[in-house]
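Data file: my_file_0.cif. Format and content: mmCIF, C-alpha atoms.
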data_target
#
loop_
_atom_site.label_atom_id
_atom_site.label_comp_id
_atom_site.auth_asym_id
_atom_site.auth_seq_id
_atom_site.Cartn_x
_atom_site.Cartn_y
_atom_site.Cartn_z
CA MET A 127 -47.60 -47.43 28.09
CA SER A 128 -44.93 -44.74 27.68
CA THR A 129 -45.33 -42.54 24.62
CA VAL A 130 -42.35 -41.40 22.56
CA LEU A 131 -42.21 -38.91 19.71
CA ILE A 132 -39.31 -39.33 17.28
CA SER A 133 -38.52 -36.47 14.91
CA GLY A 134 -36.99 -37.77 11.68
CA ALA A 135 -37.67 -40.79 9.44
CA SER A 136 -34.27 -41.34 7.86
CA ILE A 137 -32.11 -44.03 9.53
CA ALA A 138 -31.77 -43.39 13.27
CA GLY A 139 -35.47 -42.57 13.66
CA PRO A 140 -37.00 -45.74 12.15
CA ALA A 141 -34.30 -47.93 13.75
CA LEU A 142 -35.09 -46.46 17.16
CA ALA A 143 -38.84 -46.80 16.51
CA TYR A 144 -38.38 -50.52 15.81
CA TRP A 145 -36.59 -51.19 19.07
CA LEU A 146 -38.87 -49.01 21.20
CA HIS A 147 -41.96 -50.70 19.79
CA ARG A 148 -40.40 -54.09 20.49
CA TYR A 149 -39.82 -53.00 24.10
CA GLY A 150 -43.44 -51.95 24.58
CA PHE A 151 -43.38 -48.19 23.93
CA ASP A 152 -46.11 -46.34 22.03
CA VAL A 153 -44.13 -44.64 19.23
CA THR A 154 -44.94 -41.78 16.87
CA VAL A 155 -42.53 -40.64 14.14
CA VAL A 156 -42.92 -37.18 12.59
CA GLU A 157 -41.22 -36.42 9.26
CA LYS A 158 -41.25 -33.12 7.36
CA SER A 159 -41.10 -34.89 3.98
CA ASP A 160 -44.04 -36.72 2.45
CA THR A 161 -42.39 -40.12 2.85
CA VAL A 162 -39.30 -41.74 4.35
CA ARG A 163 -36.00 -40.27 3.23
CA GLY A 164 -34.60 -42.11 0.22
CA GLY A 165 -31.79 -41.54 -2.27
CA GLY A 166 -29.83 -44.00 -4.33
CA TYR A 167 -26.33 -42.94 -3.34
CA PRO A 168 -24.30 -45.55 -1.43
CA ILE A 169 -23.93 -45.66 2.33
CA ASP A 170 -21.93 -48.04 4.50
CA ILE A 171 -22.92 -50.34 7.35
CA ARG A 172 -19.74 -51.47 9.07
CA GLY A 173 -18.45 -53.21 12.16
CA THR A 174 -20.77 -52.95 15.15
CA ALA A 175 -23.61 -51.68 12.96
CA VAL A 176 -23.73 -55.00 11.11
CA ASP A 177 -24.55 -56.65 14.43
CA ALA A 178 -27.30 -54.05 14.99
CA VAL A 179 -29.09 -54.82 11.71
CA ARG A 180 -28.64 -58.55 12.36
CA GLN A 181 -30.44 -58.12 15.69
CA MET A 182 -33.26 -56.33 13.83
CA GLY A 183 -33.67 -59.29 11.49
CA VAL A 184 -33.02 -57.25 8.34
CA LEU A 185 -29.47 -58.37 7.58
CA PRO A 186 -30.50 -60.79 4.78
CA GLN A 187 -32.41 -58.02 2.98
CA LEU A 188 -29.47 -55.65 3.23
CA GLN A 189 -27.05 -58.35 2.07
CA ALA A 190 -29.26 -58.79 -0.99
CA ALA A 191 -29.01 -55.04 -1.64
CA HIS A 192 -25.22 -54.98 -1.19
CA ILE A 193 -23.63 -52.96 -3.99
CA ASN A 194 -20.31 -54.78 -3.99
CA THR A 195 -18.26 -52.00 -5.51
CA GLN A 196 -15.30 -53.56 -7.27
CA ARG A 197 -12.85 -50.69 -7.50
CA LEU A 198 -12.16 -47.00 -6.99
CA THR A 199 -9.99 -45.37 -9.67
CA PHE A 200 -8.13 -42.17 -8.86
CA LEU A 201 -7.37 -39.70 -11.65
CA ASP A 202 -5.13 -36.66 -11.97
CA ALA A 203 -6.07 -33.23 -13.34
CA ASP A 204 -5.88 -34.49 -16.95
CA GLY A 205 -8.05 -37.51 -16.23
CA GLU A 206 -5.10 -39.90 -16.31
CA ARG A 207 -5.18 -42.90 -14.00
CA ILE A 208 -3.10 -42.74 -10.80
CA THR A 209 -4.17 -46.08 -9.35
CA SER A 210 -7.17 -48.35 -8.80
CA LEU A 211 -7.97 -49.86 -5.42
CA ARG A 212 -10.46 -52.03 -3.59
CA PRO A 213 -12.83 -49.79 -1.59
CA ASP A 214 -11.94 -51.57 1.66
CA ALA A 215 -8.31 -50.57 1.16
CA ILE A 216 -9.47 -46.96 1.54
CA ASN A 217 -12.15 -47.22 4.22
CA GLY A 218 -10.79 -50.05 6.35
CA GLY A 219 -13.92 -52.11 5.86
CA VAL A 220 -14.17 -55.89 5.83
CA ALA A 221 -15.16 -57.03 2.35
CA THR A 222 -16.80 -60.26 3.52
CA ARG A 223 -18.76 -58.69 6.40
CA ASP A 224 -19.45 -54.99 5.93
CA LEU A 225 -22.20 -53.71 3.66
CA GLU A 226 -22.59 -50.93 1.13
CA VAL A 227 -26.20 -50.32 0.09
CA PRO A 228 -28.18 -47.59 -1.65
CA ARG A 229 -29.50 -45.24 0.99
CA GLY A 230 -33.07 -45.72 -0.21
CA ASP A 231 -32.82 -49.48 0.21
CA LEU A 232 -31.83 -49.11 3.87
CA THR A 233 -34.54 -46.56 4.67
CA SER A 234 -37.17 -48.68 2.88
CA VAL A 235 -36.15 -51.83 4.74
CA LEU A 236 -36.33 -50.02 8.09
CA TYR A 237 -39.69 -48.42 7.27
CA ASP A 238 -41.23 -51.68 6.07
CA ARG A 239 -40.17 -53.31 9.34
CA ILE A 240 -42.31 -50.92 11.41
CA ARG A 241 -44.87 -49.25 9.16
CA ASP A 242 -47.74 -51.31 10.58
CA ASP A 243 -46.67 -50.93 14.22
CA VAL A 244 -45.71 -47.27 14.54
CA GLU A 245 -47.64 -44.07 13.87
CA PHE A 246 -46.09 -41.89 11.14
CA LEU A 247 -46.94 -38.21 10.68
CA PHE A 248 -45.62 -37.13 7.28
CA ASN A 249 -45.54 -33.57 5.91
CA ASP A 250 -45.23 -32.21 9.45
CA SER A 251 -42.59 -31.22 12.01
CA ILE A 252 -42.21 -29.92 15.54
CA ALA A 253 -42.92 -26.21 15.95
CA SER A 254 -42.44 -25.95 19.72
CA LEU A 255 -41.71 -28.06 22.80
CA ASP A 256 -42.74 -27.35 26.38
CA GLN A 257 -41.30 -29.73 28.97
CA HIS A 258 -42.86 -30.25 32.38
CA SER A 259 -42.82 -32.86 35.13
CA ASP A 260 -45.43 -35.06 33.43
CA GLY A 261 -44.23 -34.97 29.84
CA VAL A 262 -43.55 -32.78 26.81
CA ASP A 263 -46.26 -30.67 25.20
CA VAL A 264 -45.61 -30.59 21.46
CA ARG A 265 -47.13 -28.24 18.93
CA PHE A 266 -46.68 -29.34 15.34
CA ARG A 267 -46.44 -27.00 12.35
CA SER A 268 -49.78 -28.41 11.19
CA GLY A 269 -51.34 -26.92 14.33
CA ILE A 270 -51.89 -30.25 16.09
CA GLU A 271 -50.99 -30.29 19.79
CA ARG A 272 -50.14 -33.47 21.70
CA THR A 273 -48.29 -34.56 24.83
CA PHE A 274 -45.61 -37.26 24.94
CA ASP A 275 -43.60 -38.79 27.76
CA LEU A 276 -40.34 -38.42 25.80
CA VAL A 277 -39.15 -36.73 22.59
CA VAL A 278 -36.19 -37.88 20.48
CA GLY A 279 -34.43 -35.76 17.89
CA ALA A 280 -33.31 -38.01 15.03
CA ASP A 281 -33.49 -35.24 12.46
CA GLY A 282 -29.96 -35.01 11.19
CA LEU A 283 -27.02 -32.63 11.01
CA HIS A 284 -29.24 -29.54 10.96
CA SER A 285 -31.62 -30.88 13.63
CA ASN A 286 -34.67 -28.75 14.37
CA THR A 287 -35.21 -30.60 17.66
CA ARG A 288 -31.67 -29.79 18.79
CA ALA A 289 -32.16 -26.12 17.96
CA LEU A 290 -35.44 -25.94 19.90
CA VAL A 291 -34.02 -27.56 23.04
CA PHE A 292 -30.27 -26.92 23.06
CA GLY A 293 -29.97 -23.68 21.09
CA PRO A 294 -28.48 -22.58 17.76
CA GLU A 295 -26.54 -25.09 15.68
CA GLU A 296 -23.46 -22.87 15.42
CA GLN A 297 -22.33 -23.71 18.98
CA PHE A 298 -22.13 -27.45 18.14
CA HIS A 299 -21.27 -27.27 14.43
CA HIS A 300 -17.60 -27.98 13.64
CA TYR A 301 -16.97 -27.16 9.99
CA ILE A 302 -14.26 -29.30 8.39
CA GLY A 303 -13.53 -26.98 5.49
CA HIS A 304 -15.37 -28.56 2.55
CA CYS A 305 -18.69 -28.28 0.73
CA PHE A 306 -20.20 -30.82 -1.62
CA ALA A 307 -22.98 -31.23 -4.15
CA GLY A 308 -24.49 -34.57 -5.10
CA PHE A 309 -26.84 -35.37 -7.99
CA THR A 310 -27.78 -38.11 -10.46
CA MET A 311 -26.64 -38.16 -14.08
CA ARG A 312 -26.74 -40.43 -17.11
CA ASN A 313 -24.22 -43.23 -17.17
CA ASP A 314 -22.54 -42.37 -20.45
CA PHE A 315 -19.16 -43.47 -19.10
CA GLY A 316 -19.44 -47.26 -19.18
CA LEU A 317 -19.11 -47.48 -15.39
CA SER A 318 -20.30 -50.56 -13.50
CA HIS A 319 -19.92 -51.30 -9.77
CA GLU A 320 -17.13 -48.74 -9.44
CA GLY A 321 -16.21 -45.19 -8.62
CA VAL A 322 -13.92 -42.76 -10.44
CA LEU A 323 -12.40 -39.84 -8.49
CA TRP A 324 -10.76 -36.80 -10.11
CA THR A 325 -8.75 -34.53 -7.83
CA VAL A 326 -6.86 -31.26 -8.02
CA PRO A 327 -5.80 -29.18 -4.99
CA GLY A 328 -8.94 -27.99 -3.23
CA ARG A 329 -11.42 -29.62 -5.63
CA ALA A 330 -12.59 -33.14 -6.33
CA ALA A 331 -15.21 -34.80 -8.48
CA ALA A 332 -16.54 -38.34 -8.44
CA LEU A 333 -18.71 -40.54 -10.62
CA TYR A 334 -20.11 -43.50 -8.72
CA ALA A 335 -21.97 -46.40 -10.34
CA VAL A 336 -23.72 -48.49 -7.70
CA GLY A 337 -24.50 -51.14 -10.31
CA ASP A 338 -24.56 -51.41 -14.06
CA GLY A 339 -27.62 -49.23 -14.64
CA ASP A 340 -28.32 -46.17 -16.75
CA THR A 341 -27.44 -43.62 -14.06
CA VAL A 342 -24.48 -42.74 -11.89
CA HIS A 343 -24.12 -40.49 -8.87
CA GLY A 344 -22.09 -37.36 -9.41
CA PHE A 345 -20.32 -35.53 -6.60
CA LEU A 346 -18.49 -32.22 -6.64
CA ASN A 347 -16.48 -31.38 -3.53
CA PHE A 348 -14.47 -28.26 -2.82
CA ALA A 349 -12.53 -26.61 -0.02
CA ARG A 350 -13.83 -23.34 1.38
CA PRO A 351 -12.54 -21.46 4.47
CA GLU A 352 -15.99 -20.65 5.83
CA PRO A 353 -19.32 -22.43 5.36
CA PRO A 354 -21.63 -20.68 2.84
CA PHE A 355 -24.53 -20.22 5.24
CA ASP A 356 -26.27 -17.84 2.83
CA ALA A 357 -26.58 -20.65 0.26
CA PHE A 358 -28.08 -23.30 2.53
CA ARG A 359 -31.68 -22.39 1.73
CA ASP A 360 -31.13 -21.04 -1.78
CA PRO A 361 -30.73 -23.77 -4.45
CA ALA A 362 -29.92 -21.20 -7.14
CA ALA A 363 -27.08 -19.79 -5.03
CA GLN A 364 -25.81 -23.33 -4.42
CA ARG A 365 -25.67 -24.07 -8.14
CA ASP A 366 -23.96 -20.77 -8.89
CA LEU A 367 -21.38 -21.33 -6.16
CA VAL A 368 -20.47 -24.83 -7.35
CA ALA A 369 -20.30 -23.74 -10.99
CA SER A 370 -18.00 -20.82 -10.16
CA VAL A 371 -15.62 -23.02 -8.17
CA PHE A 372 -15.24 -25.56 -11.00
CA ALA A 373 -15.19 -23.08 -13.91
CA GLY A 374 -12.41 -23.88 -16.37
CA ASP A 375 -11.70 -27.40 -15.09
CA GLY A 376 -11.23 -30.28 -17.52
CA TRP A 377 -12.10 -34.01 -17.58
CA HIS A 378 -15.92 -34.44 -17.31
CA ILE A 379 -16.32 -31.41 -15.07
CA PRO A 380 -18.17 -29.19 -17.61
CA LEU A 381 -20.74 -31.95 -18.19
CA MET A 382 -21.09 -32.54 -14.46
CA VAL A 383 -21.63 -28.84 -13.79
CA ASP A 384 -24.26 -28.60 -16.55
CA THR A 385 -26.01 -31.67 -15.14
CA MET A 386 -25.82 -30.26 -11.61
CA ARG A 387 -27.48 -27.02 -12.75
CA ALA A 388 -30.48 -28.90 -14.17
CA ALA A 389 -30.69 -31.71 -11.59
CA ASP A 390 -33.97 -32.10 -9.73
CA ASP A 391 -32.30 -34.16 -6.98
CA LEU A 392 -29.43 -31.83 -6.07
CA PHE A 393 -28.19 -32.28 -2.51
CA PHE A 394 -25.86 -29.57 -1.24
CA ASP A 395 -24.28 -29.39 2.20
CA VAL A 396 -21.10 -28.78 4.15
CA VAL A 397 -18.67 -31.33 5.55
CA SER A 398 -19.10 -30.90 9.29
CA GLN A 399 -19.39 -32.67 12.60
CA ILE A 400 -21.73 -32.13 15.53
CA ARG A 401 -19.94 -32.22 18.89
CA MET A 402 -22.00 -31.77 22.04
CA PRO A 403 -21.09 -32.08 25.73
CA ARG A 404 -24.44 -33.77 26.41
CA TRP A 405 -27.08 -35.37 24.19
CA SER A 406 -30.10 -35.02 26.46
CA SER A 407 -31.97 -32.31 28.33
CA GLY A 408 -34.89 -33.20 30.54
CA ARG A 409 -37.23 -35.45 28.60
CA VAL A 410 -35.60 -34.78 25.21
CA VAL A 411 -32.68 -36.77 23.80
CA LEU A 412 -30.78 -36.79 20.49
CA VAL A 413 -29.60 -39.75 18.41
CA GLY A 414 -27.67 -40.18 15.16
CA ASP A 415 -26.37 -37.15 13.27
CA ALA A 416 -28.46 -34.82 15.42
CA ALA A 417 -26.28 -35.79 18.39
CA HIS A 418 -22.91 -36.58 16.86
CA ALA A 419 -22.67 -36.33 13.07
CA PRO A 420 -19.19 -37.63 12.13
CA SER A 421 -19.25 -36.17 8.54
CA PHE A 422 -19.36 -38.14 5.34
CA LEU A 423 -15.56 -38.19 5.23
CA THR A 424 -15.63 -40.92 7.88
CA GLY A 425 -18.27 -42.99 6.10
CA GLN A 426 -19.68 -43.80 9.54
CA GLY A 427 -22.82 -41.68 9.85
CA SER A 428 -25.26 -44.51 9.11
CA SER A 429 -23.40 -46.97 11.31
CA LEU A 430 -23.38 -44.59 14.28
CA ALA A 431 -27.09 -43.94 13.77
CA LEU A 432 -27.96 -47.64 13.81
CA VAL A 433 -25.81 -48.39 16.86
CA GLY A 434 -26.97 -45.29 18.74
CA ALA A 435 -30.63 -46.18 18.16
CA TYR A 436 -30.03 -49.72 19.44
CA MET A 437 -28.25 -48.54 22.58
CA LEU A 438 -30.70 -45.75 23.41
CA ALA A 439 -33.71 -48.05 23.13
CA ARG A 440 -31.99 -50.73 25.19
CA GLU A 441 -31.23 -48.32 28.04
CA LEU A 442 -34.79 -46.96 28.03
CA ALA A 443 -36.07 -50.52 28.18
CA MET A 444 -33.88 -51.39 31.16
CA THR A 445 -35.16 -48.67 33.47
CA ALA A 446 -38.29 -46.59 33.89
CA ASP A 447 -36.17 -43.57 34.88
CA HIS A 448 -35.51 -41.75 31.60
CA THR A 449 -32.79 -39.57 33.12
CA ALA A 450 -30.80 -42.61 34.20
CA ALA A 451 -31.41 -44.23 30.83
CA PHE A 452 -30.17 -41.17 28.93
CA ASP A 453 -27.03 -41.05 31.09
CA ALA A 454 -26.35 -44.76 30.53
CA TYR A 455 -26.88 -44.31 26.77
CA GLU A 456 -24.24 -41.58 26.62
CA ARG A 457 -21.77 -43.54 28.71
CA SER A 458 -22.24 -46.62 26.55
CA ILE A 459 -21.40 -45.10 23.17
CA ARG A 460 -19.59 -41.77 23.58
CA GLU A 461 -16.12 -43.29 23.30
CA TYR A 462 -17.23 -45.26 20.22
CA VAL A 463 -18.62 -42.07 18.67
CA GLU A 464 -15.50 -40.06 19.39
CA ARG A 465 -13.21 -42.72 17.93
CA ASN A 466 -15.21 -42.66 14.72
CA GLN A 467 -15.35 -38.87 14.59
CA ALA A 468 -11.56 -38.88 14.88
CA LEU A 469 -11.36 -40.70 11.52
CA VAL A 470 -12.10 -37.43 9.76
CA THR A 471 -8.46 -36.30 9.77
CA ALA A 472 -7.33 -39.37 7.87
CA GLY A 473 -10.27 -39.20 5.49
CA ASN A 474 -9.70 -35.53 4.77
CA SER A 475 -6.01 -35.87 3.95
CA THR A 476 -6.54 -38.99 1.82
CA MET A 477 -9.59 -38.06 -0.17
CA HIS A 478 -9.62 -34.27 -0.44
CA PRO A 479 -6.17 -32.64 -0.22
CA SER A 480 -6.18 -28.86 -0.46
CA THR A 481 -2.58 -28.14 -1.53
CA PRO A 482 -0.28 -29.52 -4.27
CA GLU A 483 2.02 -30.95 -1.61
CA ALA A 484 -0.84 -32.71 0.19
CA LEU A 485 -2.11 -34.05 -3.14
CA GLU A 486 1.27 -35.55 -3.98
CA ARG A 487 1.48 -37.14 -0.53
CA ARG A 488 -2.01 -38.55 -0.98
CA ASN A 489 -1.12 -40.04 -4.37
CA ALA A 490 1.96 -41.68 -2.89
CA VAL A 491 -0.19 -43.17 -0.12
CA LEU A 492 -2.75 -44.44 -2.64
CA ARG A 493 -0.10 -46.19 -4.68
CA GLY A 494 1.11 -47.92 -1.54
CA LEU A 495 -2.40 -48.98 -0.49
CA SER A 496 -2.64 -51.37 -3.42
CA ALA A 497 -0.27 -53.64 -1.50
CA MET A 498 -2.33 -53.67 1.72
CA PRO A 499 -3.44 -57.08 2.98
CA GLU A 500 -7.11 -58.04 2.71
CA ASP A 501 -7.58 -57.95 6.50
CA ALA A 502 -6.30 -54.38 7.06
CA VAL A 503 -9.38 -53.17 8.97
CA GLN A 504 -10.31 -49.95 10.74
CA PRO A 505 -10.54 -50.65 14.52
CA ALA A 506 -12.90 -47.73 15.15
CA HIS A 507 -15.66 -49.44 13.16
CA SER A 508 -15.91 -52.24 15.75
CA ALA A 509 -14.77 -50.31 18.82
CA LEU A 510 -18.06 -51.16 20.59
CA THR A 511 -19.24 -54.71 21.25
CA LEU A 512 -23.01 -54.70 20.94
CA PRO A 513 -24.72 -56.12 24.03
CA GLU A 514 -27.67 -58.45 23.71
CA PRO A 515 -31.12 -56.81 23.52
CA ALA A 516 -32.79 -56.06 26.82
CA PRO A 517 -34.24 -59.30 28.20
CA PRO A 518 -38.04 -59.38 28.62
CA ALA A 519 -37.69 -59.88 32.37
CA ALA A 520 -35.84 -56.58 32.65
CA LEU A 521 -38.50 -54.51 30.91
CA PRO A 522 -40.33 -52.05 33.22
CA ALA A 523 -44.11 -52.03 33.15
CA ARG A 524 -45.35 -49.59 30.48
#

Can you dump the structure from the file as structure tokens?
Amino acid sequence: MSTVLISGASIAGPALAYWLHRYGFDVTVVEKSDTVRGGGYPIDIRGTAVDAVRQMGVLPQLQAAHINTQRLTFLDADGERITSLRPDAINGGVATRDLEVPRGDLTSVLYDRIRDDVEFLFNDSIASLDQHSDGVDVRFRSGIERTFDLVVGADGLHSNTRALVFGPEEQFHHYIGHCFAGFTMRNDFGLSHEGVLWTVPGRAAALYAVGDGDTVHGFLNFARPEPPFDAFRDPAAQRDLVASVFAGDGWHIPLMVDTMRAADDLFFDVVSQIRMPRWSSGRVVLVGDAAHAPSFLTGQGSSLALVGAYMLARELAMTADHTAAFDAYERSIREYVERNQALVTAGNSTMHPSTPEALERRNAVLRGLSAMPEDAVQPAHSALTLPEPAPPAALPAR
């Protein structure tokens, strides 16, 4: 039986683990946190990815968790309403098919699907990899040493696996000019199943209620010419940077900044993509954001992760030659990935304009979107037709 180590227990990692276990692989997942990655903020499952979760048998659970956001309201600098829209008018989703679920619900559903079938190593990570003709020798930060036939990096935008095998992130990291901070705050705004977005040139804030509960998700986004690398590992510097950018702004910004400073769930990062000429090297391959993060401006990170995991596992199941399988995996989804990464230009200009002129153009576009037909979909979301799972007769002996 072939052994596979997957680094990362967010979305791509557990999805891949499910399919590999189904195809007869012996799977281990290592995760630096003490449990699967959660978070209550909303993520989207669209187009081809809906077919992927249907094939996993978890679609009914995710449909039950569907947030069903009713509207997004856009505000000007004074907090006055510009327009309110259906979310699918912005993202090109299909209201009757696509899903929006809390991130933690998706990760929990995926984990519960495989927790009894797959080995999980929490509170650990890969310290070093040594590839040879018979496998990959892995030393973990805990000091444990083991050998696996294959290793998969499913560890996100700032992938440790990618850095160990392919080199520093900077050569693949394409910064899109924005930073953001996310956190939870009290729902003192009367929001229910809706989002409210305040925008001025170069800065934006959002309050997002995924239901009618006592909390909302706050987001502060701002343009910046260069990524603040010095702040990535310094939460205090992150809080100071965000506070300085939004100093003096009106609406609910002072309250949001105060909440951000005290939040114990602050998530700070840059808006970036990962673009690589190749996603595999020897016996190591990347999937999800580690290979091709599209940025949150596209709303497609989770969908690409689910589809990529499905396709990688299918190719590995179809042939015992991992090199051929990795090549087939890349051929099968690279065009789909690139079409979705290309959505970032439209998302950037619509959601986060950096100049007064761009803001006025965006507002004019938003007012016009209210007249869009219900079936105005985004073709990139379904640019790949998901093939059937690998048939049992095709599976190589493990």

Self-check item: Contacts of A:Thr424 at 8 Å (only C-alpha atoms; same-chain gap of 4+ positions) as a ChimeraX atom specification
Solution: /A:420,466-467,469-470,473

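The spacing separating atom CA of A:Phe394 from atom CA of A:Gln364 amounts to 7.0 Å.
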
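Of the residues under consideration (A:Gln504, A:Asn194, A:Ser429, A:Thr174), A:Ser429 shows the shortest atom-to-atom contact distance to A:Asp415 when counting all atoms listed in the file.
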
Exercise. For A:Pro327, list every protein, DNA or RNA residue within 7 Å, evaluated using all atoms listed in the file, and leave out those in the same chain fewer than 6 positions away; present the list as a count of residues only.
Key: 5

Quiz item: Could you state the separation of atom CA of A:Gly183 and atom CA of A:Arg239 in Å, given to one decimal place?
Solution: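 One can read the atom CA of A:Gly183 to atom CA of A:Arg239 distance as 9.1 Å.
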
Practice problem: Rank A:Phe309, A:Phe348, A:Tyr436, A:Phe200 by their smallest atom-to-atom distance to A:Leu146, using all atoms listed in the file, and report the top residue only. | Solution: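 Result for the nearest residue to A:Leu146: A:Tyr436.
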
Quiz item: When the PyMOL selection byres ((chain A and resi 369-373) around 12) is applied to the file above, which residues end up in the set, as a count of residues only?
Solution: 37

Quiz item: Which residue, A:Ser318, A:Asp275, A:Ile459, A:Pro403, has the smallest gap to A:Gln297 when you use all atoms listed in the file?
Solution: A:Pro403

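For the set A:Pro213, A:Gly166, A:Pro351, A:Gly344, the residue with the smallest atom-to-atom gap to A:Asp231 is A:Gly166, counting all atoms listed in the file.
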
Practice problem: Would you translate the PyMOL selection byres ((chain A and resi 453) around 10) into the concrete set of residues it matches in this file, as a PyMOL selection string? | Solution: chain A and resi 404-406+438+441+448-452+454-458

Practice problem: Could you jot down the atom CA of A:Leu317 to atom CA of A:Arg488 separation for me, Å, one decimal place? | Solution: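 Value for the atom CA of A:Leu317-atom CA of A:Arg488 distance: 24.1 Å.
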
Practice problem: Can you turn the PyMOL selection byres ((chain A and resi 274) around 7) into a concrete residue list for this file, as a PyMOL selection string? | Solution: chain A and resi 129-131+261-263+272-273+275-277

Self-check item: Nearest-residue call for A:Leu201, choices A:His478, A:Leu323, A:Thr154, A:Gly282, using all atoms listed in the file
Solution: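 Comparing A:His478, A:Leu323, A:Thr154, A:Gly282 against A:Leu201, the winner is A:Leu323.
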
Self-check item: Distance query 9 Å from (-21.5, -41.9, -18.3) using only C-alpha atoms, result as a list in words
Solution: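 Checking each residue against the 9 Å limit leaves Met311, Arg312, Asn313, Asp314, Phe315, Gly316, Leu317, Leu333, Asp340, Thr341 and Val342 of chain A.
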
Practice problem: Find the residues around A:Arg212 up to 7 Å (only C-alpha atoms counted), leave out those fewer than 2 positions away in its own chain, and share them as JSON, numbers by chain. | Solution: {"A": [196, 197, 198, 214, 215]}

Self-check item: A:Ala416, A:Ala431, A:Leu290, A:Val336 ranked by distance to A:Leu255, top pick (using all atoms listed in the file)
Solution: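 Result for the nearest residue to A:Leu255: A:Leu290.
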
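If you count all atoms listed in the file and ignore residues fewer than 2 places along the chain from stretch 138-142 of chain A, what sits within 8 Å of it is Ile132, Ser133, Gly134, Ala135, Ser136, Tyr144, Trp145, Leu146, Val155, Thr233, Leu236, Tyr237, Ile240, Ala280, Asp281, Val413, Gly414, Ser428, Ala431, Leu432, Gly434, Ala435, Tyr436, Leu438 and Ala439 of chain A.
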
Keeping only C-alpha atoms, write the selected residues to a file as a short mmCIF file (atom, residue, chain, number, x, y, z; two decimals), in the coordinates of the input.
data_model
loop_
_atom_site.label_atom_id
_atom_site.label_comp_id
_atom_site.auth_asym_id
_atom_site.auth_seq_id
_atom_site.Cartn_x
_atom_site.Cartn_y
_atom_site.Cartn_z
CA ILE A 132 -39.31 -39.33 17.28
CA SER A 133 -38.52 -36.47 14.91
CA GLY A 134 -36.99 -37.77 11.68
CA ALA A 135 -37.67 -40.79 9.44
CA SER A 136 -34.27 -41.34 7.86
CA TYR A 144 -38.38 -50.52 15.81
CA TRP A 145 -36.59 -51.19 19.07
CA LEU A 146 -38.87 -49.01 21.20
CA VAL A 155 -42.53 -40.64 14.14
CA THR A 233 -34.54 -46.56 4.67
CA LEU A 236 -36.33 -50.02 8.09
CA TYR A 237 -39.69 -48.42 7.27
CA ILE A 240 -42.31 -50.92 11.41
CA ALA A 280 -33.31 -38.01 15.03
CA ASP A 281 -33.49 -35.24 12.46
CA VAL A 413 -29.60 -39.75 18.41
CA GLY A 414 -27.67 -40.18 15.16
CA SER A 428 -25.26 -44.51 9.11
CA ALA A 431 -27.09 -43.94 13.77
CA LEU A 432 -27.96 -47.64 13.81
CA GLY A 434 -26.97 -45.29 18.74
CA ALA A 435 -30.63 -46.18 18.16
CA TYR A 436 -30.03 -49.72 19.44
CA LEU A 438 -30.70 -45.75 23.41
CA ALA A 439 -33.71 -48.05 23.13
#
